[in-house]
Amino acid sequence: MYSLKKDGIKTLLLLILFTAIACVFHRLTENASIAIVYVLCVLLVSRFTSGYVWGIIASIFGVIGVNYLFTYPFLELNFSLGGYPVTFVGMLTVSIITSTLTTHIKEQAKMTALREEALNKLNQINKQLLVADSISQIIELVLHYVVSSYKVSCIFYTDDPTRDLAPTTKMVNDEDRGIFFSYAEKANAHLAYITQEPKGLLHSEMTSACLYLPITSRGMIRGILGLHCENDPEFEQSHLSFLKLMLPQVALALERQTLSDDHQKLAIETEKEKMRANLLRAISHDLRTPLTSMIGASATYLENTTLLDDSEKAELIAHIHEDSNWLLHMVENLLSVTRIDKGTARVKKSLEPLEEVISESVSRVKKRYNDAAIKVSVPDEFIMVPMDATLIEQVIINLIENSLKHAHSTQPIELTATKEINNIRVQIRDYGVGLQKDRLDTLFDGYSPNPNESSDSSKGMGIGLSICKTIICAHSGDIWAENLEKGAAFTFTIPLEGENHYDQ
């Protein structure tokens, strides 16, 4: 109504203006010039108003104005003068054709501008969809665009609406939420899902306040977009065409992300299987070595009791005791792995004081190795780190014991903890013989490039380091080994920020 009134005022003002101009021209020239003035008036009315009506009205008033104001007898309508009917019809025809052509050109320009704007929006959305790295991000992007562009509440189902108990919503007002979850709207959304056709407002026999658009690619349903457009009855005609262009792009983005997620899950499963195989390979070797030694020592003791002196018997028992302790330590390692959630490869974390975890780890090592020399350096500030304290203690113990066994050095082991921007970095360094370069890449995998060897000729290094990697990866951290100018260093990091999975 406002637009109609505005166009009427524009038409009236232009007619008054050009009538005044025609009066000036009338004093200077012939009536033919007056008709041109009114044709120009019709052209401008068509340019600055919407639709065809106002141009035609201006054409009629222009012809009447020429007859009434500028044709003798003045101030009288007289179409009976010789030749005037032809002039009247000709001028009216020219005016109407001019008005129609101008309006048509304007409408074409408007449509072109709208199409260009739609293409620009579509390109922007496509760029954002390309950089989206999760299905939830794609859905949020779509809902944000719909709400910001059309000012309507919307809902997105990724599954059959009768099964999807937690659809993503974005509301203009809270009242719309109850409408989406009514029985009738759920039924319409379900129909759209199973038929893969628009349902709801003007697309269903059932009463509906919403419009439901299926999102499909390669004949598969990827989701349902619902819009509450009851208060905008012209919504379909004004915006539906653009949504029909956008939704196939959304469907392709969802398909691409689904394939990417499946590929990532497959890669994780493959890595888990690889780690499991490496773990079993390391276990088979590390169990066989001490057990063989224990069986041999015990058999020697039993078969040669009378032939062995006390010192030889004590030496055999000491070997059995050492191997038994190592087997117990390996069982502790294996039990540590069982604390990791196999479904998500994650651990239950709680905020733990870093200094206490390191202190407990070093204390446990010294109970096993009374003469172990370990220098510890931790930050002065009190730091709480999200972790599973038992597992991280096991990592530190494994790395220290590995250095004690394989460094072949009398210098102290150095344990240094430092705080970085987003991580805690812990390094265990020795001043020994270093690591073999050809084994650095497989050191944490529990196997050696040589299939006949474990990752170290001495028992325990393969399984212990493999478990360290499993635990640190479950904490979303990183672990690596490197040779230094003298000796070797094992370093791992733990993120300082992360979701707390700890259950009280």
# chains A, B, ... in the order shown; residues from 1 in each chain; ligands from 1
call {"tool": "residues_around", "arguments": {"residues": "Ile421 in chain A", "least_positions_apart": "4", "cutoff": "12 Å", "atoms": "only C-alpha atoms", "output": "PyMOL selection string"}}
result
chain A and resi 425+493-497
call {"tool": "residues_around", "arguments": {"residues": "Lys367 in chain A", "least_positions_apart": "5", "cutoff": "12 Å", "atoms": "only C-alpha atoms", "output": "PDB file with C-alpha atoms, in the first residue's frame"}}
result
ATOM      1  CA  GLU A 360      55.299 -39.479  41.916  1.00  0.00           C
ATOM      2  CA  SER A 361      56.775 -40.861  38.673  1.00  0.00           C
ATOM      3  CA  VAL A 362      60.370 -40.218  39.758  1.00  0.00           C
ATOM      4  CA  ALA A 372      69.236 -44.007  39.683  1.00  0.00           C
ATOM      5  CA  ILE A 397      58.344 -44.000  34.148  1.00  0.00           C
ATOM      6  CA  GLU A 401      63.584 -46.542  32.608  1.00  0.00           C
TER       7      GLU A 401
END
call {"tool": "residues_around", "arguments": {"residues": "Thr162 in chain A", "least_positions_apart": "6", "cutoff": "10 Å", "atoms": "only C-alpha atoms", "output": "PyMOL selection string"}}
result
chain A and resi 183+186-187+189-190+193
call {"tool": "closest_residue", "arguments": {"among": "A:Ile9, A:Ile135, A:Val66, A:Thr49", "to": "Thr258 in chain A", "atoms": "only C-alpha atoms"}}
result
A:Ile135
call {"tool": "atom_distance", "arguments": {"atom1": "CA of Glu420 in chain A", "atom2": "CA of Lys349 in chain A"}}
result
19.7 Å
call {"tool": "atom_distance", "arguments": {"atom1": "CA of Leu225 in chain A", "atom2": "CA of Phe156 in chain A"}}
result
4.8 Å
